[in-house]
file data.pdb (PDB, C-alpha atoms)
ATOM      1  CA  MET P   1      27.412  27.333   3.800
ATOM      2  CA  SER P   2      24.275  28.559   2.118
ATOM      3  CA  LYS P   3      21.550  26.061   1.370
ATOM      4  CA  ALA P   4      21.809  26.689  -2.355
ATOM      5  CA  ALA P   5      25.428  25.587  -2.395
ATOM      6  CA  ILE P   6      24.625  21.997  -1.434
ATOM      7  CA  ILE P   7      22.205  21.482  -4.323
ATOM      8  CA  PRO P   8      24.171  20.474  -7.408
ATOM      9  CA  THR P   9      23.653  22.960 -10.184
ATOM     10  CA  GLN P  10      23.343  20.143 -12.682
ATOM     11  CA  LEU P  11      22.671  16.471 -12.253
ATOM     12  CA  SER P  12      22.912  14.183 -15.243
ATOM     13  CA  ILE P  13      22.607  10.414 -15.089
ATOM     14  CA  ARG P  14      22.188   7.618 -17.575
ATOM     15  CA  VAL P  15      19.933   4.815 -16.429
ATOM     16  CA  PRO P  16      19.796   1.429 -18.213
ATOM     17  CA  VAL P  17      16.191   0.225 -18.404
ATOM     18  CA  LEU P  18      15.529  -3.502 -18.856
ATOM     19  CA  ASN P  19      11.772  -3.596 -18.267
ATOM     20  CA  TRP P  20       8.866  -1.511 -17.045
ATOM     21  CA  ALA P  21       5.207  -1.799 -16.024
ATOM     22  CA  VAL P  22       2.406   0.699 -15.497
ATOM     23  CA  TRP P  23      -1.006   0.587 -13.823
ATOM     24  CA  PRO P  24      -3.577   1.370 -15.086
ATOM     25  CA  HIS P  25      -2.468   0.019 -18.460
ATOM     26  CA  ASP P  26      -4.425   2.606 -20.375
ATOM     27  CA  ALA P  27      -3.909   6.019 -18.841
ATOM     28  CA  SER P  28      -6.805   7.477 -20.847
ATOM     29  CA  VAL P  29      -9.277   5.233 -19.034
ATOM     30  CA  PRO P  30     -10.866   7.200 -16.197
ATOM     31  CA  GLU P  31     -10.259   5.867 -12.727
ATOM     32  CA  GLY P  32     -12.646   3.123 -11.771
ATOM     33  CA  PRO P  33     -12.847   0.258  -9.328
ATOM     34  CA  ALA P  34      -9.433  -1.193  -8.757
ATOM     35  CA  HIS P  35      -9.178  -4.426 -10.678
ATOM     36  CA  GLY P  36      -6.849  -6.289 -12.935
ATOM     37  CA  PHE P  37      -4.134  -6.650 -10.323
ATOM     38  CA  GLU P  38      -1.848  -9.654 -10.670
ATOM     39  CA  LEU P  39      -1.031 -10.478  -7.072
ATOM     40  CA  GLN P  40      -1.018 -14.265  -7.084
ATOM     41  CA  TYR P  41       2.589 -14.262  -5.874
ATOM     42  CA  ILE P  42       1.363 -12.954  -2.515
ATOM     43  CA  ASP P  43      -0.428 -15.452  -0.298
ATOM     44  CA  ALA P  44      -4.148 -14.868   0.162
ATOM     45  CA  MET P  45      -3.952 -14.250   3.917
ATOM     46  CA  THR P  46      -1.527 -11.367   3.360
ATOM     47  CA  ARG P  47      -3.165 -10.072   0.214
ATOM     48  CA  ARG P  48      -6.518  -9.388   1.874
ATOM     49  CA  ARG P  49      -4.882  -6.887   4.232
ATOM     50  CA  LEU P  50      -3.271  -4.730   1.556
ATOM     51  CA  SER P  51      -4.413  -1.199   0.792
ATOM     52  CA  ASN P  52      -5.194  -0.105  -2.714
ATOM     53  CA  LEU P  53      -1.863   1.745  -2.804
ATOM     54  CA  THR P  54       0.100  -1.362  -1.876
ATOM     55  CA  ARG P  55      -1.880  -3.473  -4.356
ATOM     56  CA  MET P  56      -1.024  -1.066  -7.170
ATOM     57  CA  ALA P  57       2.644  -1.008  -6.169
ATOM     58  CA  LEU P  58       2.943  -4.774  -5.803
ATOM     59  CA  HIS P  59       1.092  -5.391  -9.063
ATOM     60  CA  VAL P  60       3.524  -3.333 -11.174
ATOM     61  CA  ALA P  61       6.478  -4.636  -9.141
ATOM     62  CA  GLY P  62       5.537  -8.253  -9.810
ATOM     63  CA  VAL P  63       4.818  -7.696 -13.506
ATOM     64  CA  CYS P  64       8.027  -5.722 -14.060
ATOM     65  CA  VAL P  65      10.346  -8.057 -12.191
ATOM     66  CA  GLY P  66       9.032 -11.152 -13.990
ATOM     67  CA  LYS P  67      11.231 -14.161 -13.279
ATOM     68  CA  THR P  68      14.267 -12.156 -12.128
ATOM     69  CA  PRO P  69      15.148 -14.111  -8.982
ATOM     70  CA  ARG P  70      16.776 -11.402  -6.877
ATOM     71  CA  VAL P  71      16.428  -7.628  -7.082
ATOM     72  CA  ARG P  72      17.249  -4.727  -4.860
ATOM     73  CA  THR P  73      14.237  -2.444  -4.583
ATOM     74  CA  VAL P  74      13.500   1.260  -4.236
ATOM     75  CA  PHE P  75       9.833   1.750  -3.314
ATOM     76  CA  ALA P  76       8.760   5.363  -3.629
ATOM     77  CA  SER P  77       5.568   7.277  -3.006
ATOM     78  CA  ARG P  78       5.023  10.973  -2.494
ATOM     79  CA  HIS P  79       2.146  10.539  -0.059
ATOM     80  CA  GLY P  80       2.481   6.906   0.977
ATOM     81  CA  GLU P  81      -0.281   5.309   3.046
ATOM     82  CA  LEU P  82      -1.865   8.631   3.917
ATOM     83  CA  HIS P  83      -5.398   7.230   3.634
ATOM     84  CA  ARG P  84      -4.623   4.700   6.362
ATOM     85  CA  THR P  85      -3.012   7.410   8.496
ATOM     86  CA  VAL P  86      -6.019   9.701   8.176
ATOM     87  CA  ASP P  87      -8.371   6.808   9.008
ATOM     88  CA  MET P  88      -6.342   6.081  12.136
ATOM     89  CA  LEU P  89      -6.207   9.738  13.177
ATOM     90  CA  THR P  90      -9.973   9.885  12.721
ATOM     91  CA  SER P  91     -10.366   6.834  14.977
ATOM     92  CA  LEU P  92      -8.132   8.461  17.588
ATOM     93  CA  ALA P  93     -10.132  11.682  17.402
ATOM     94  CA  HIS P  94     -13.290   9.662  18.094
ATOM     95  CA  ALA P  95     -11.533   7.790  20.921
ATOM     96  CA  GLU P  96     -12.009   4.518  19.028
ATOM     97  CA  PRO P  97      -9.488   1.674  19.083
ATOM     98  CA  LEU P  98      -7.068   1.550  16.139
ATOM     99  CA  SER P  99      -7.088  -1.214  13.564
ATOM    100  CA  PRO P 100      -3.891  -3.225  14.115
ATOM    101  CA  THR P 101      -3.768  -4.070  10.415
ATOM    102  CA  ALA P 102      -3.967  -0.417   9.412
ATOM    103  CA  PHE P 103      -1.325   0.445  12.000
ATOM    104  CA  GLY P 104       1.068  -2.284  10.924
ATOM    105  CA  LEU P 105       0.747  -1.528   7.223
ATOM    106  CA  SER P 106       0.680   2.271   7.383
ATOM    107  CA  VAL P 107       4.468   2.565   7.340
ATOM    108  CA  HIS P 108       6.211   3.836   4.225
ATOM    109  CA  ASN P 109       8.080   0.556   3.731
ATOM    110  CA  ALA P 110       4.948  -1.643   3.866
ATOM    111  CA  SER P 111       5.060  -2.518   0.147
ATOM    112  CA  ALA P 112       8.817  -3.088   0.241
ATOM    113  CA  GLY P 113       8.458  -5.471   3.187
ATOM    114  CA  ILE P 114       5.589  -7.469   1.691
ATOM    115  CA  PHE P 115       7.443  -7.737  -1.643
ATOM    116  CA  SER P 116      10.564  -9.035   0.061
ATOM    117  CA  ILE P 117       8.634 -11.576   2.166
ATOM    118  CA  ALA P 118       6.480 -12.804  -0.731
ATOM    119  CA  ARG P 119       9.503 -13.375  -2.971
ATOM    120  CA  ARG P 120      11.753 -14.650  -0.183
ATOM    121  CA  ASP P 121      14.335 -12.169  -1.418
ATOM    122  CA  ARG P 122      16.530 -10.561   1.223
ATOM    123  CA  SER P 123      18.144  -8.077  -1.162
ATOM    124  CA  SER P 124      18.307  -4.524   0.153
ATOM    125  CA  ALA P 125      15.058  -2.561   0.100
ATOM    126  CA  THR P 126      14.674   1.215   0.264
ATOM    127  CA  ALA P 127      11.483   3.197   0.909
ATOM    128  CA  LEU P 128      11.669   6.782  -0.228
ATOM    129  CA  ALA P 129       9.644  10.005  -0.246
ATOM    130  CA  ALA P 130      11.021  13.323  -1.474
ATOM    131  CA  GLY P 131       8.020  15.593  -1.835
ATOM    132  CA  GLU P 132       6.947  16.491  -5.328
ATOM    133  CA  ASP P 133      10.333  15.315  -6.706
ATOM    134  CA  THR P 134       9.896  11.791  -5.320
ATOM    135  CA  PHE P 135       9.936   9.943  -8.628
ATOM    136  CA  GLY P 136      13.118  11.647  -9.833
ATOM    137  CA  TYR P 137      14.895  10.971  -6.570
ATOM    138  CA  ALA P 138      13.810   7.323  -6.677
ATOM    139  CA  LEU P 139      15.506   6.970 -10.065
ATOM    140  CA  LEU P 140      18.586   8.740  -8.705
ATOM    141  CA  GLU P 141      18.705   6.423  -5.679
ATOM    142  CA  ALA P 142      18.387   3.348  -7.901
ATOM    143  CA  HIS P 143      21.056   4.689 -10.250
ATOM    144  CA  VAL P 144      23.479   5.122  -7.360
ATOM    145  CA  GLN P 145      22.736   1.614  -6.081
ATOM    146  CA  LEU P 146      23.349   0.156  -9.537
ATOM    147  CA  ARG P 147      26.620   2.065  -9.780
ATOM    148  CA  SER P 148      27.764   0.632  -6.459
ATOM    149  CA  ASP P 149      27.029  -2.942  -7.592
ATOM    150  CA  PRO P 150      26.504  -3.087 -11.370
ATOM    151  CA  ALA P 151      25.934  -6.846 -11.485
ATOM    152  CA  ALA P 152      22.660  -6.872  -9.526
ATOM    153  CA  PRO P 153      19.506  -5.248 -10.948
ATOM    154  CA  VAL P 154      17.529  -2.586  -9.068
ATOM    155  CA  LEU P 155      13.750  -2.278  -9.251
ATOM    156  CA  VAL P 156      12.127   1.153  -8.845
ATOM    157  CA  VAL P 157       8.467   1.047  -7.842
ATOM    158  CA  TYR P 158       6.383   4.197  -7.615
ATOM    159  CA  ALA P 159       2.746   4.414  -6.494
ATOM    160  CA  ASP P 160       0.468   7.245  -5.434
ATOM    161  CA  GLU P 161      -3.183   8.091  -5.158
ATOM    162  CA  PRO P 162      -5.057  11.361  -4.665
ATOM    163  CA  LEU P 163      -4.939  12.846  -1.178
ATOM    164  CA  PRO P 164      -7.684  12.136   1.365
ATOM    165  CA  GLN P 165     -10.515  14.673   1.293
ATOM    166  CA  VAL P 166      -9.255  16.462   4.400
ATOM    167  CA  TYR P 167      -6.116  17.504   2.475
ATOM    168  CA  ALA P 168      -7.974  18.406  -0.730
ATOM    169  CA  ALA P 169      -6.627  21.969  -0.632
ATOM    170  CA  ARG P 170      -3.122  20.571  -1.166
ATOM    171  CA  SER P 171      -4.017  18.147  -3.917
ATOM    172  CA  CYS P 172      -2.166  18.092  -7.194
ATOM    173  CA  ALA P 173      -3.974  18.851 -10.454
ATOM    174  CA  GLY P 174      -4.724  15.763 -12.549
ATOM    175  CA  ASP P 175      -3.719  13.350  -9.801
ATOM    176  CA  ARG P 176      -5.188   9.848 -10.009
ATOM    177  CA  PRO P 177      -4.311   6.430  -8.632
ATOM    178  CA  HIS P 178      -1.332   5.150 -10.586
ATOM    179  CA  ALA P 179       1.754   3.006 -10.242
ATOM    180  CA  LEU P 180       4.815   2.333 -12.320
ATOM    181  CA  ALA P 181       7.840   0.116 -12.034
ATOM    182  CA  VAL P 182      11.171   0.354 -13.835
ATOM    183  CA  LEU P 183      13.799  -2.387 -13.721
ATOM    184  CA  LEU P 184      17.364  -1.081 -13.972
ATOM    185  CA  SER P 185      19.986  -3.503 -15.207
ATOM    186  CA  HIS P 186      23.106  -3.433 -17.294
ATOM    187  CA  GLU P 187      21.435  -5.968 -19.576
ATOM    188  CA  ALA P 188      19.224  -3.025 -20.524
ATOM    189  CA  VAL P 189      17.274  -2.763 -23.729
ATOM    190  CA  ARG P 190      17.244   1.021 -23.649
ATOM    191  CA  ASP P 191      18.820   3.917 -21.777
ATOM    192  CA  LEU P 192      17.156   6.769 -19.989
ATOM    193  CA  THR P 193      19.036  10.027 -19.681
ATOM    194  CA  LEU P 194      17.809  12.077 -16.744
ATOM    195  CA  THR P 195      18.932  15.571 -15.819
ATOM    196  CA  ALA P 196      17.943  17.878 -12.986
ATOM    197  CA  ASN P 197      18.715  21.573 -12.579
ATOM    198  CA  ARG P 198      17.660  24.104 -10.039
ATOM    199  CA  SER P 199      14.335  25.345 -11.344
ATOM    200  CA  THR P 200      14.164  28.832 -12.772
ATOM    201  CA  GLU P 201      10.682  28.607 -14.228
ATOM    202  CA  ALA P 202       7.184  28.255 -12.820
ATOM    203  CA  PRO P 203       6.202  24.754 -11.603
ATOM    204  CA  SER P 204       4.523  22.575 -14.234
ATOM    205  CA  GLY P 205       1.789  21.457 -11.866
ATOM    206  CA  GLY P 206       0.700  17.839 -11.964
ATOM    207  CA  MET P 207       2.496  14.765 -10.714
ATOM    208  CA  GLN P 208       6.091  14.174 -11.811
ATOM    209  CA  SER P 209       5.472  10.432 -12.102
ATOM    210  CA  LEU P 210       2.536  10.956 -14.488
ATOM    211  CA  ALA P 211       4.622  13.309 -16.640
ATOM    212  CA  PHE P 212       7.122  10.488 -17.083
ATOM    213  CA  LEU P 213       4.643   7.951 -18.530
ATOM    214  CA  PRO P 214       4.983   9.013 -22.214
ATOM    215  CA  TRP P 215       8.696   8.178 -22.064
ATOM    216  CA  LEU P 216       7.952   4.695 -20.782
ATOM    217  CA  ALA P 217       5.234   4.051 -23.335
ATOM    218  CA  GLN P 218       6.664   5.662 -26.465
ATOM    219  CA  GLY P 219      10.137   6.917 -25.562
ATOM    220  CA  GLU P 220       8.922  10.515 -25.742
ATOM    221  CA  SER P 221      11.339  12.992 -24.206
ATOM    222  CA  GLY P 222       9.809  15.218 -21.563
ATOM    223  CA  SER P 223      10.331  17.571 -18.672
ATOM    224  CA  TRP P 224       8.722  18.516 -15.397
ATOM    225  CA  THR P 225       9.394  21.496 -13.154
ATOM    226  CA  GLY P 226       8.752  21.581  -9.438
ATOM    227  CA  HIS P 227       9.479  24.234  -6.823
ATOM    228  CA  ARG P 228      13.107  23.105  -6.511
ATOM    229  CA  HIS P 229      14.223  21.393  -9.687
ATOM    230  CA  THR P 230      13.519  21.060 -13.361
ATOM    231  CA  TRP P 231      13.870  17.462 -14.500
ATOM    232  CA  ARG P 232      14.351  16.480 -18.124
ATOM    233  CA  TRP P 233      14.514  13.052 -19.669
ATOM    234  CA  HIS P 234      14.997  11.407 -23.023
TER
ATOM    235  CA  MET T   1     -29.345 -15.591  18.923
ATOM    236  CA  SER T   2     -29.110 -16.954  15.364
ATOM    237  CA  GLU T   3     -29.428 -13.403  14.073
ATOM    238  CA  LEU T   4     -26.592 -12.318  16.343
ATOM    239  CA  LYS T   5     -24.458 -15.198  15.043
ATOM    240  CA  LEU T   6     -25.052 -14.162  11.456
ATOM    241  CA  GLN T   7     -24.175 -10.573  12.410
ATOM    242  CA  ILE T   8     -20.906 -11.754  13.945
ATOM    243  CA  LYS T   9     -20.078 -13.799  10.843
ATOM    244  CA  GLN T  10     -20.703 -10.757   8.682
ATOM    245  CA  LEU T  11     -18.464  -8.740  11.013
ATOM    246  CA  ILE T  12     -15.692 -11.344  10.681
ATOM    247  CA  VAL T  13     -15.894 -11.289   6.877
ATOM    248  CA  ASP T  14     -15.963  -7.465   6.721
ATOM    249  CA  ALA T  15     -13.393  -6.635   9.409
ATOM    250  CA  LEU T  16     -10.888  -9.209   8.156
ATOM    251  CA  ASN T  17     -11.526  -8.705   4.423
ATOM    252  CA  LEU T  18     -12.203 -12.387   3.834
ATOM    253  CA  GLU T  19     -12.983 -11.718   0.186
ATOM    254  CA  ASP T  20     -13.706 -15.279  -0.902
ATOM    255  CA  LEU T  21     -15.901 -16.151   2.041
ATOM    256  CA  ARG T  22     -19.620 -15.557   2.625
ATOM    257  CA  PRO T  23     -20.879 -15.186   6.209
ATOM    258  CA  GLU T  24     -22.998 -18.332   5.873
ATOM    259  CA  ASP T  25     -19.863 -20.310   4.941
ATOM    260  CA  ILE T  26     -18.612 -19.978   8.514
ATOM    261  CA  GLY T  27     -19.921 -22.729  10.786
ATOM    262  CA  ASP T  28     -21.311 -21.770  14.209
ATOM    263  CA  ASP T  29     -18.947 -24.215  15.861
ATOM    264  CA  GLN T  30     -16.050 -23.941  13.388
ATOM    265  CA  ALA T  31     -12.738 -23.007  15.011
ATOM    266  CA  LEU T  32     -11.779 -19.508  13.908
ATOM    267  CA  PHE T  33      -8.049 -19.854  14.423
ATOM    268  CA  ASP T  34      -5.363 -22.304  13.392
ATOM    269  CA  ASP T  35      -6.830 -25.401  11.726
ATOM    270  CA  GLY T  36     -10.339 -24.020  11.449
ATOM    271  CA  LEU T  37     -10.845 -20.849   9.468
ATOM    272  CA  GLY T  38      -7.080 -20.236   9.613
ATOM    273  CA  LEU T  39      -7.153 -16.784  11.201
ATOM    274  CA  ASP T  40      -4.021 -15.506  12.963
ATOM    275  CA  SER T  41      -3.120 -13.311  15.914
ATOM    276  CA  ILE T  42      -3.496 -10.033  13.996
ATOM    277  CA  ASP T  43      -7.006 -11.167  13.053
ATOM    278  CA  ALA T  44      -7.743 -11.769  16.718
ATOM    279  CA  LEU T  45      -6.747  -8.185  17.542
ATOM    280  CA  GLU T  46      -8.657  -6.842  14.540
ATOM    281  CA  LEU T  47     -11.754  -8.801  15.476
ATOM    282  CA  GLY T  48     -11.494  -7.555  19.061
ATOM    283  CA  VAL T  49     -11.436  -3.969  17.783
ATOM    284  CA  ALA T  50     -14.436  -4.597  15.522
ATOM    285  CA  LEU T  51     -16.459  -6.213  18.338
ATOM    286  CA  ARG T  52     -15.649  -3.395  20.736
ATOM    287  CA  LYS T  53     -16.738  -0.825  18.175
ATOM    288  CA  LYS T  54     -19.940  -2.552  17.105
ATOM    289  CA  TYR T  55     -21.229  -3.772  20.471
ATOM    290  CA  LEU T  56     -19.359  -1.373  22.758
ATOM    291  CA  LEU T  57     -17.915  -4.369  24.567
ATOM    292  CA  LYS T  58     -15.345  -3.983  27.253
ATOM    293  CA  LEU T  59     -12.768  -6.660  26.518
ATOM    294  CA  ASP T  60      -9.650  -7.307  28.506
ATOM    295  CA  ALA T  61      -7.083  -9.306  26.531
ATOM    296  CA  GLY T  62      -5.724 -10.743  29.793
ATOM    297  CA  ASP T  63      -9.149 -12.146  30.711
ATOM    298  CA  ALA T  64      -9.039 -15.913  30.114
ATOM    299  CA  SER T  65     -12.783 -16.107  29.505
ATOM    300  CA  VAL T  66     -12.450 -13.502  26.733
ATOM    301  CA  ARG T  67      -9.660 -15.476  25.106
ATOM    302  CA  ALA T  68     -11.745 -18.640  25.300
ATOM    303  CA  ALA T  69     -14.659 -16.816  23.680
ATOM    304  CA  PHE T  70     -12.650 -16.285  20.499
ATOM    305  CA  ARG T  71     -12.813 -20.010  19.749
ATOM    306  CA  CYS T  72     -15.821 -19.937  17.406
ATOM    307  CA  VAL T  73     -18.935 -17.985  16.445
ATOM    308  CA  ASN T  74     -21.037 -19.726  19.110
ATOM    309  CA  THR T  75     -18.713 -18.679  21.923
ATOM    310  CA  LEU T  76     -18.379 -15.151  20.541
ATOM    311  CA  ALA T  77     -22.163 -14.824  20.369
ATOM    312  CA  GLU T  78     -22.425 -15.856  24.022
ATOM    313  CA  LEU T  79     -19.803 -13.285  24.967
ATOM    314  CA  VAL T  80     -21.524 -10.503  23.031
ATOM    315  CA  HIS T  81     -24.915 -11.506  24.408
ATOM    316  CA  ALA T  82     -23.605 -11.359  27.970
ATOM    317  CA  ARG T  83     -21.569  -8.178  27.715
ATOM    318  CA  ARG T  84     -22.977  -5.903  25.049
ATOM    319  CA  THR T  85     -23.740  -2.420  26.243
ATOM    320  CA  ASP T  86     -24.965  -0.837  23.032
ATOM    321  CA  SER T  87     -28.392   0.663  22.434
ATOM    322  CA  GLU T  88     -29.610  -2.410  20.562
ATOM    323  CA  ARG T  89     -29.537  -4.434  23.751
ATOM    324  CA  THR T  90     -31.334  -1.777  25.715
ATOM    325  CA  ALA T  91     -33.981  -1.730  23.007
ATOM    326  CA  ASN T  92     -34.376  -5.511  23.204
ATOM    327  CA  GLU T  93     -34.908  -5.551  26.914
TER
END
call {"tool": "encode", "arguments": {"input": "data.pdb", "output": "structure tokens"}}
result
Amino acid sequence: MSKAAIIPTQLSIRVPVLNWAVWPHDASVPEGPAHGFELQYIDAMTRRRLSNLTRMALHVAGVCVGKTPRVRTVFASRHGELHRTVDMLTSLAHAEPLSPTAFGLSVHNASAGIFSIARRDRSSATALAAGEDTFGYALLEAHVQLRSDPAAPVLVVYADEPLPQVYAARSCAGDRPHALAVLLSHEAVRDLTLTANRSTEAPSGGMQSLAFLPWLAQGESGSWTGHRHTWRWH
Amino acid sequence: MSELKLQIKQLIVDALNLEDLRPEDIGDDQALFDDGLGLDSIDALELGVALRKKYLLKLDAGDASVRAAFRCVNTLAELVHARRTDSERTANE
């Protein structure tokens, strides 16, 4: 079977959106010192160990989920805790001992684990990365989970930050630290329609997750093309 | 020695990201773990890494005297004073 045959020619899903949250609140504000995180639901001893990426993710997750007692989660990030990984590789290269905190929290499911522990919620948690299409696939994963059990909401959390300097050649134009969360539930206040086709045009450039923000804020329809798929939403 | 103690307190605050704590808030004889400052086992490992990096100490986790030294700033200062191999010590001697 050829590789092309296993990619659906057209994907179209309808996603019920109950709530959402974005950090930073005002995308036009240039990146500055990380502040304004609401992380009181995480105990101080744990909080001090969190990376900026995890803080962003857990901030939007907490704001978006509000008082919903139990949620399944899909935590997604294209690059994950790459800054921690590079720091550790640098330590190894210098034959220095590794930070146990950095090691323990460098895994892709770090945010998902902390969120689950802090909320004492043992609902299923998924940690996902799918290259430049990560955000779209996170929505698809959450959609499938909601389909399998429509009664329980699913929270999608996406966070990324620019690549460490050593990978600058592979960085994405316009990238900046950002996080967004979308709560999927059949008690939704609005629906998102998301389609994906095999891409036939040149990649849009830029982060898929950032391209999606205008829909969250104003309901603006949009599209984003990567090397594999073109995604459209309204 | 009091300068070394302050250095160690600063190292504790920095290495463990104790955001709400100033170095001078930590007592020389205050227990670092459990009921004292409330640090945990990951902090102990993290602090061991930081001490080894800063003072080029050779620490063996199985060494009972090393474990005992992690009780408070006073005992850590004694350990560092006795075992440091970095250039600072050479310069002091």
call {"tool": "closest_residue", "arguments": {"input": "data.pdb", "among": "T:Leu51, T:Glu78, T:Pro23, T:Ala69", "to": "chain P", "atoms": "only C-alpha atoms"}}
result
T:Leu51
call {"tool": "resolve_selection", "arguments": {"input": "data.pdb", "expression": "the ChimeraX specification (/P :<10) & /T", "output": "list in words"}}
result
Ala15, Leu16, Asn17, Leu18, Glu19, Asp20, Gly38, Leu39, Asp40, Ile42, Asp43, Ala44, Leu45, Glu46, Leu47, Gly48, Val49, Ala50, Arg52 and Lys53 of chain T
call {"tool": "resolve_selection", "arguments": {"input": "data.pdb", "expression": "the PyMOL selection byres ((chain P and resi 83) around 12)", "output": "number ranges by chain"}}
result
P: 51-54, 79-82, 84-90, 102-103, 105-107, 160-167
call {"tool": "atom_distance", "arguments": {"input": "data.pdb", "atom1": "CA of Met1 (chain T)", "atom2": "CA of Val80 (chain T)"}}
result
10.2 Å
call {"tool": "closest_residue", "arguments": {"input": "data.pdb", "among": "P:Ala93, P:Ala196, P:Ala152, P:Leu146", "to": "Asp133 (chain P)", "atoms": "only C-alpha atoms"}}
result
P:Ala196
call {"tool": "residues_near_point", "arguments": {"input": "data.pdb", "point": "(17.5, 5.0, 0.2)", "cutoff": "9 Å", "atoms": "all atoms listed in the file", "output": "list in words"}}
result
Val74, Ala125, Thr126, Ala127, Leu128, Ala138, Glu141, Ala142 and Gln145 of chain P
call {"tool": "atom_distance", "arguments": {"input": "data.pdb", "atom1": "CA of Leu59 (chain T)", "atom2": "CA of Arg84 (chain T)"}}
result
10.3 Å
call {"tool": "closest_residue", "arguments": {"input": "data.pdb", "among": "P:Leu194, P:Thr73, P:Arg55, P:Val22", "to": "Leu210 (chain P)", "atoms": "all atoms listed in the file"}}
result
P:Val22
call {"tool": "residues_near_point", "arguments": {"input": "data.pdb", "point": "(4.0, -11.9, -18.9)", "cutoff": "12 Å", "atoms": "all atoms listed in the file", "output": "list of chain:residue names"}}
result
P:Asn19, P:Trp20, P:Ala21, P:Glu38, P:Val60, P:Gly62, P:Val63, P:Cys64, P:Val65, P:Gly66, P:Lys67
call {"tool": "atom_distance", "arguments": {"input": "data.pdb", "atom1": "CA of Ile8 (chain T)", "atom2": "CA of Lys54 (chain T)"}}
result
9.8 Å
call {"tool": "closest_residue", "arguments": {"input": "data.pdb", "among": "T:Ser65, T:Ser41, T:Thr85, T:Gln7", "to": "Asp28 (chain T)", "atoms": "only C-alpha atoms"}}
result
T:Gln7
call {"tool": "residues_around", "arguments": {"input": "data.pdb", "residues": "Gly27 (chain T)", "least_positions_apart": "6", "cutoff": "12 Å", "atoms": "all atoms listed in the file", "output": "NGL selection string"}}
result
:T and (2 or 5-6 or 8-9 or 21 or 36-37 or 71-75)
call {"tool": "resolve_selection", "arguments": {"input": "data.pdb", "expression": "the PyMOL selection byres ((chain P and resi 42) around 9)", "output": "list in words"}}
result
Leu39, Gln40, Tyr41, Asp43, Ala44, Met45, Thr46, Arg47, Leu58, Ile114, Phe115, Ile117, Ala118 and Arg119 of chain P
